[in-house]
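Student: Right, I'll just put the structure down here and ask away after.
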2 protein chains.
Amino acid sequence: MLTQLGSQAKQAAALLAIAGVDEKNKALLAVANALEDKKEYLIKENQQDIENAKANGMSEALIDRLALTDERVAGMAEGIRQVAVLDDPIGEVTDMKKRPNGLLIGKKRVPLGVIGIIYESRPNVTADAFSLTFKTGNAVILRGGSDAIYSNTAITNVIRETLEAQGITPDAIQLVTDTSRETATKMMQMNGYIDVLIPRGGAGLIQSVVKNATVPVIETGTGNCHVYVDKDADLKMAVSIIDNAKTQRLGTCNTCESLVIHRGIAQEAVPAIVDVLRKKEIEIRGDEDSCKLDSHIIKATEEDWGTEYLDRIISMKIVDNLDEAILHINKYNTKHSEAIVTNNYQSAQKFLNEIDAAAVYVNASTRFTDGFEFGFGAEIGISTQKIHARGPMGLEALTTTKYIIYGDGQIRS
Amino acid sequence: MLTQLGSQAKQAAALLAIAGVDEKNKALLAVANALEDKKEYLIKENQQDIENAKANGMSEALIDRLALTDERVAGMAEGIRQVAVLDDPIGEVTDMKKRPNGLLIGKKRVPLGVIGIIYESRPNVTADAFSLTFKTGNAVILRGGSDAIYSNTAITNVIRETLEAQGITPDAIQLVTDTSRETATKMMQMNGYIDVLIPRGGAGLIQSVVKNATVPVIETGTGNCHVYVDKDADLKMAVSIIDNAKTQRLGTCNTCESLVIHRGIAQEAVPAIVDVLRKKEIEIRGDEDSCKLDSHIIKATEEDWGTEYLDRIISMKIVDNLDEAILHINKYNTKHSEAIVTNNYQSAQKFLNEIDAAAVYVNASTRFTDGFEFGFGAEIGISTQKIHARGPMGLEALTTTKYIIYGDGQIRS
């Protein structure tokens, strides 16, 4: 069954690779309209997922994530319209240079081909993933969670019908309806059919993909992000950045989970930071030295340094100098987003140079690591691996290049 | 044992990432000199590999590949000197743009970190891989074949001693001396230690890495490369390109293994092509239609279309039009290098657009797919996968980027 989906996706990808920009944008707008037109159907199908979720005792919070409403369908449609107006990266030729033998060699931006996406829960990812992969001329094979199977199937049906009515191959999007673990594993091993696999979900899903996949994977990851308050920090700015990085949203991968404070500013900084965080009901777990500075700090364990809480908890460590801060962060971080607050030029540059992470900030909140905030106009996820794409991934991350070479009979000697 | 190598490599990588260009180039030149100075030691150790190879009944050709001579040691040293004079890609910042909120966001080129390389036979790969990974500020963990263990150990020893004398961490290069299959598999799963794994060798090795690796892999691959002779080809040019692409070197991945001929030129082209290939003792296996055009053509089987011969054999297929040629090539190729010979503008552009391969040529030999021929000054391999790097990989393929962000207190609203 998967092999058939794979063959169909490959055939679709060959057609999509040469589809024109206008043709793709027109289809995206038609899909956005169709989703709104069919919202009653979508919400009705979604209701079945909700009922199953209730019967299975799913938590209120998760059921809320799963639910489709008029507003959320409108949001999906709006997201697709925003992708339609973005520049199409496909077809651009760069770095074209003439070699001494007269060969003209350049790089042409082309689609990846067939992209597999394995994701959890929220059905809007179905529409989202389609719009980004379709805009970049790729075919997509989606495998959502069993919790959202009715919703995902309904959304996929609407998209496929709309594409067909537009004269475009509906196999641009295909959904794996068998949501068993075995089928997911088989999908991770569809070499020859899937060019790249992108998991979107929690640590368990990512780990399963990293362990089982034999096709190339772009790992989107967890974030144990730090804010380091340097000796030469503007204390007011430091408190404001920490407050924002930790509390603006608790459950995102670019949320700050750990504070590192220079000993030279700790006496003044720690009580001010504790004060603002406690007002937001954040529990602070610190090393011995920080516990001495504020009685509200609970003693941290070794495990705390490496934990992505996604909760009302943060860790805190006092260091003697910038070198110790960098060592600590590079040891425990997940290579996501790290920030320094300082007015010292050398400290800022050293931090930017030596911290190993997808995004390194001076005097700004880690919460900005995001495709929209970075100005890409879209985001398929945030890569924490080092190959292909690192950090927020926009449309370009869904493309590759091929070398094109213009000759006039050159042979190699 | 591997975990210890991994920890040491990570520590070395942190130091190498901030090493200066001059420091790295000076060390490379010192290593080149040291290899020449110690050539008697290297050749003596290599002799043990040669004796073992003879005792194990290795073929003359493979023993020749394995052997170190004065000339080959000089070649290794010269290769390292050439890498020393290349531009260092590390540290470049590109695409720096100001966002509406004042954040200044750019991409800084940085090393990948720890690179693993699993390779076969030829000991010069040891020096080669070191020079490219070191130049780009990476630490490397090498695992060569058991056939070359004495040679690889000796080369690694000389490099490590030289680095140490230069005040550079010798763990910039480490060799896995246990050449068992189990250890190789464990190396493919060193997540958290190895950032990228590059296999260099035959199809068996590549397949084993693709199947077993859980760390990110850059797949360097086999080449079933085609030359398509269009109806509007210059016949003399076509024959010259085919001769070069097939016979200039038989055993490389950019060697042409398959011909596709437009029916409109076949009657004239096929005998001319057969003539030049038969002079070089190449066997031609063709479809029924080509067999009719020349009695020296042997009937091809389905298997021939997908075979990388690396031998004095080539396949040939007659097609009715360019669409059929593109379909055939995209079905059977290994996404490596493909060429069209034509004087027709539309055919050339269509071929460039629709062929799915790392390098697509108009009127030139496929043999040019090579880091040196493309002007990179170096080559770590030719990638046939689509993510990270596609086609010949020079220094830049051994790097990644991180976002650096300059703020003045920005928080997200």
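Numbering starts fresh at 1 for the residues of each chain in the structure tokens, the chains themselves are lettered A, B, ... in the order given, and ligands are numbered from 1 as they appear.
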Residues of chain A within 7 Å of chain B, using only C-alpha atoms, as a VMD selection string?
Tutor: chain A and resid 112 210 to 211 214 237 241 244 352 357 to 365 367 to 368 386 to 388 390 400 to 412
Student: So that I can check the secondary structure, give me every residue of region 126-362 of chain B assigned helix (DSSP H, G or I) by backbone DSSP, as a PyMOL selection string.
Tutor: chain B and resi 126-135+146-165+170-172+181-187+203-212+235-247+263-279+288-293+302-305+322-332+345-354
Student: Could you pull the residues within 6 Å of region 282-290 of chain A, counting only C-alpha atoms, minus those fewer than 2 positions along the same chain, as an NGL selection string?
Tutor: :A and (277-278 or 280 or 292-293 or 297-300 or 312-317)
Student: Please write the residues from the selection above to a file, keeping C-alpha atoms, as a PDB file, in the first residue's frame.
Tutor:
ATOM      1  CA  LEU A 277       9.409  35.149  37.666  1.00  0.00           C
ATOM      2  CA  ARG A 278       7.640  34.455  40.956  1.00  0.00           C
ATOM      3  CA  LYS A 280       4.263  34.616  37.015  1.00  0.00           C
ATOM      4  CA  LYS A 292      22.210  31.484  48.949  1.00  0.00           C
ATOM      5  CA  LEU A 293      21.136  34.656  47.134  1.00  0.00           C
ATOM      6  CA  ILE A 297      15.142  29.223  44.954  1.00  0.00           C
ATOM      7  CA  ILE A 298      14.883  25.451  45.263  1.00  0.00           C
ATOM      8  CA  LYS A 299      18.049  23.323  45.007  1.00  0.00           C
ATOM      9  CA  ALA A 300      18.543  22.001  41.474  1.00  0.00           C
ATOM     10  CA  ARG A 312       6.350  26.818  35.106  1.00  0.00           C
ATOM     11  CA  ILE A 313       9.907  25.832  36.088  1.00  0.00           C
ATOM     12  CA  ILE A 314      13.321  27.285  35.195  1.00  0.00           C
ATOM     13  CA  SER A 315      16.869  26.399  36.274  1.00  0.00           C
ATOM     14  CA  MET A 316      19.574  28.870  37.341  1.00  0.00           C
ATOM     15  CA  LYS A 317      23.344  28.572  37.577  1.00  0.00           C
TER      16      LYS A 317
END
Student: I'd like the contact shell of region 167-180 of chain B - 6 Å cut-off, only C-alpha atoms, skipping same-chain residues fewer than 5 positions apart - returned as a count of residues only.
Tutor: 9
Student: Just want the 8 Å neighbourhood of region 58-67 of chain B, counted on only C-alpha atoms, with same-chain residues fewer than 2 positions away dropped. Output as a list in words.
Tutor: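 Result of the neighbour search: Asn46, Gln47, Asp49, Ile50, Ala53, Lys54, Ala55, Asn56, Thr69, Ser121, Arg122, Pro123 and Ala148 of chain B.
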Student: Considering only C-alpha atoms, return as a list in words whatever protein or nucleic-acid residues lie within 8 Å of region 35-44 of chain A, sequence-local ones (same chain, fewer than 4 positions apart) excluded.
Tutor: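 Result of the neighbour search: Val31, Gln48, Leu68, Thr69, Asp70, Val73, Ala74, Ala77, Ser151, Ala154, Ile155, Val158 and Ile159 of chain A.
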Student: From region 135-356 of chain A, collect each residue whose DSSP state is strand (DSSP E or B) and return the set as a VMD selection string.
Tutor: chain A and resid 139 to 143 173 to 175 196 to 200 217 220 225 to 229 256 to 262 283 to 286 298 to 299 313 to 319 337 to 341
Student: Would you mind listing what lies within 9 Å of Gly221 (chain A) as an NGL selection string, with only C-alpha atoms counted and same-chain residues fewer than 5 positions away left out?
Tutor: :A and (200-203 or 206 or 253 or 334-336 or 381-385)
Student: Okay, now the selection with N, CA, C and O atoms, as a PDB file, in the first residue's frame?
Tutor:
ATOM      1  N   ARG A 200       7.275  16.054  12.854  1.00  0.00           N
ATOM      2  CA  ARG A 200       6.836  17.212  13.635  1.00  0.00           C
ATOM      3  C   ARG A 200       6.053  16.740  14.832  1.00  0.00           C
ATOM      4  O   ARG A 200       4.938  16.237  14.693  1.00  0.00           O
ATOM      5  N   GLY A 201       6.652  16.884  16.008  1.00  0.00           N
ATOM      6  CA  GLY A 201       5.956  16.419  17.197  1.00  0.00           C
ATOM      7  C   GLY A 201       6.888  16.398  18.389  1.00  0.00           C
ATOM      8  O   GLY A 201       7.934  17.046  18.376  1.00  0.00           O
ATOM      9  N   GLY A 202       6.531  15.623  19.385  1.00  0.00           N
ATOM     10  CA  GLY A 202       7.291  15.598  20.628  1.00  0.00           C
ATOM     11  C   GLY A 202       8.561  14.775  20.520  1.00  0.00           C
ATOM     12  O   GLY A 202       8.868  14.178  19.482  1.00  0.00           O
ATOM     13  N   ALA A 203       9.295  14.739  21.627  1.00  0.00           N
ATOM     14  CA  ALA A 203      10.597  14.071  21.669  1.00  0.00           C
ATOM     15  C   ALA A 203      10.486  12.586  21.316  1.00  0.00           C
ATOM     16  O   ALA A 203      11.371  12.033  20.662  1.00  0.00           O
ATOM     17  N   ILE A 206      10.270  12.203  17.507  1.00  0.00           N
ATOM     18  CA  ILE A 206      11.555  12.541  16.881  1.00  0.00           C
ATOM     19  C   ILE A 206      12.547  11.390  17.090  1.00  0.00           C
ATOM     20  O   ILE A 206      13.235  10.956  16.158  1.00  0.00           O
ATOM     21  N   CYS A 253       9.354  25.518  21.756  1.00  0.00           N
ATOM     22  CA  CYS A 253      10.740  25.037  21.789  1.00  0.00           C
ATOM     23  C   CYS A 253      11.738  26.173  21.943  1.00  0.00           C
ATOM     24  O   CYS A 253      12.878  25.940  22.309  1.00  0.00           O
ATOM     25  N   THR A 334      20.397  22.072  23.674  1.00  0.00           N
ATOM     26  CA  THR A 334      19.958  21.173  22.597  1.00  0.00           C
ATOM     27  C   THR A 334      20.217  21.819  21.245  1.00  0.00           C
ATOM     28  O   THR A 334      19.553  21.495  20.270  1.00  0.00           O
ATOM     29  N   LYS A 335      21.150  22.782  21.203  1.00  0.00           N
ATOM     30  CA  LYS A 335      21.586  23.427  19.943  1.00  0.00           C
ATOM     31  C   LYS A 335      20.452  24.204  19.295  1.00  0.00           C
ATOM     32  O   LYS A 335      20.377  24.273  18.076  1.00  0.00           O
ATOM     33  N   HIS A 336      19.564  24.765  20.100  1.00  0.00           N
ATOM     34  CA  HIS A 336      18.414  25.501  19.566  1.00  0.00           C
ATOM     35  C   HIS A 336      18.685  27.009  19.604  1.00  0.00           C
ATOM     36  O   HIS A 336      19.252  27.575  18.665  1.00  0.00           O
ATOM     37  N   GLY A 381       9.045  24.141  10.392  1.00  0.00           N
ATOM     38  CA  GLY A 381       9.597  23.604  11.628  1.00  0.00           C
ATOM     39  C   GLY A 381      10.920  24.292  11.913  1.00  0.00           C
ATOM     40  O   GLY A 381      11.360  25.139  11.144  1.00  0.00           O
ATOM     41  N   ILE A 382      11.519  23.927  13.053  1.00  0.00           N
ATOM     42  CA  ILE A 382      12.822  24.499  13.406  1.00  0.00           C
ATOM     43  C   ILE A 382      13.823  23.354  13.500  1.00  0.00           C
ATOM     44  O   ILE A 382      13.681  22.466  14.331  1.00  0.00           O
ATOM     45  N   SER A 383      14.804  23.370  12.613  1.00  0.00           N
ATOM     46  CA  SER A 383      15.783  22.289  12.576  1.00  0.00           C
ATOM     47  C   SER A 383      16.836  22.481  13.646  1.00  0.00           C
ATOM     48  O   SER A 383      17.411  23.560  13.789  1.00  0.00           O
ATOM     49  N   THR A 384      17.100  21.402  14.408  1.00  0.00           N
ATOM     50  CA  THR A 384      18.198  21.454  15.370  1.00  0.00           C
ATOM     51  C   THR A 384      19.336  20.544  14.931  1.00  0.00           C
ATOM     52  O   THR A 384      20.236  20.259  15.711  1.00  0.00           O
ATOM     53  N   GLN A 385      19.272  20.066  13.699  1.00  0.00           N
ATOM     54  CA  GLN A 385      20.436  19.337  13.206  1.00  0.00           C
ATOM     55  C   GLN A 385      21.259  20.289  12.361  1.00  0.00           C
ATOM     56  O   GLN A 385      20.885  21.423  12.121  1.00  0.00           O
TER      57      GLN A 385
END
Student: Between CA of Leu132 (chain A) and CA of Ala378 (chain A), what distance in Å does the model show, to one decimal?
Tutor: 7.8 Å
Student: Just the number, please: distance in Å from CA of Phe134 (chain B) to CA of Met96 (chain A), one decimal.
Tutor: 28.0 Å
Student: Report the distance between CA of Leu235 (chain A) and CA of His296 (chain A) in Å, rounded to one decimal place.
Tutor: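 Calculated distance between CA of Leu235 (chain A) and CA of His296 (chain A) is 19.8 Å.
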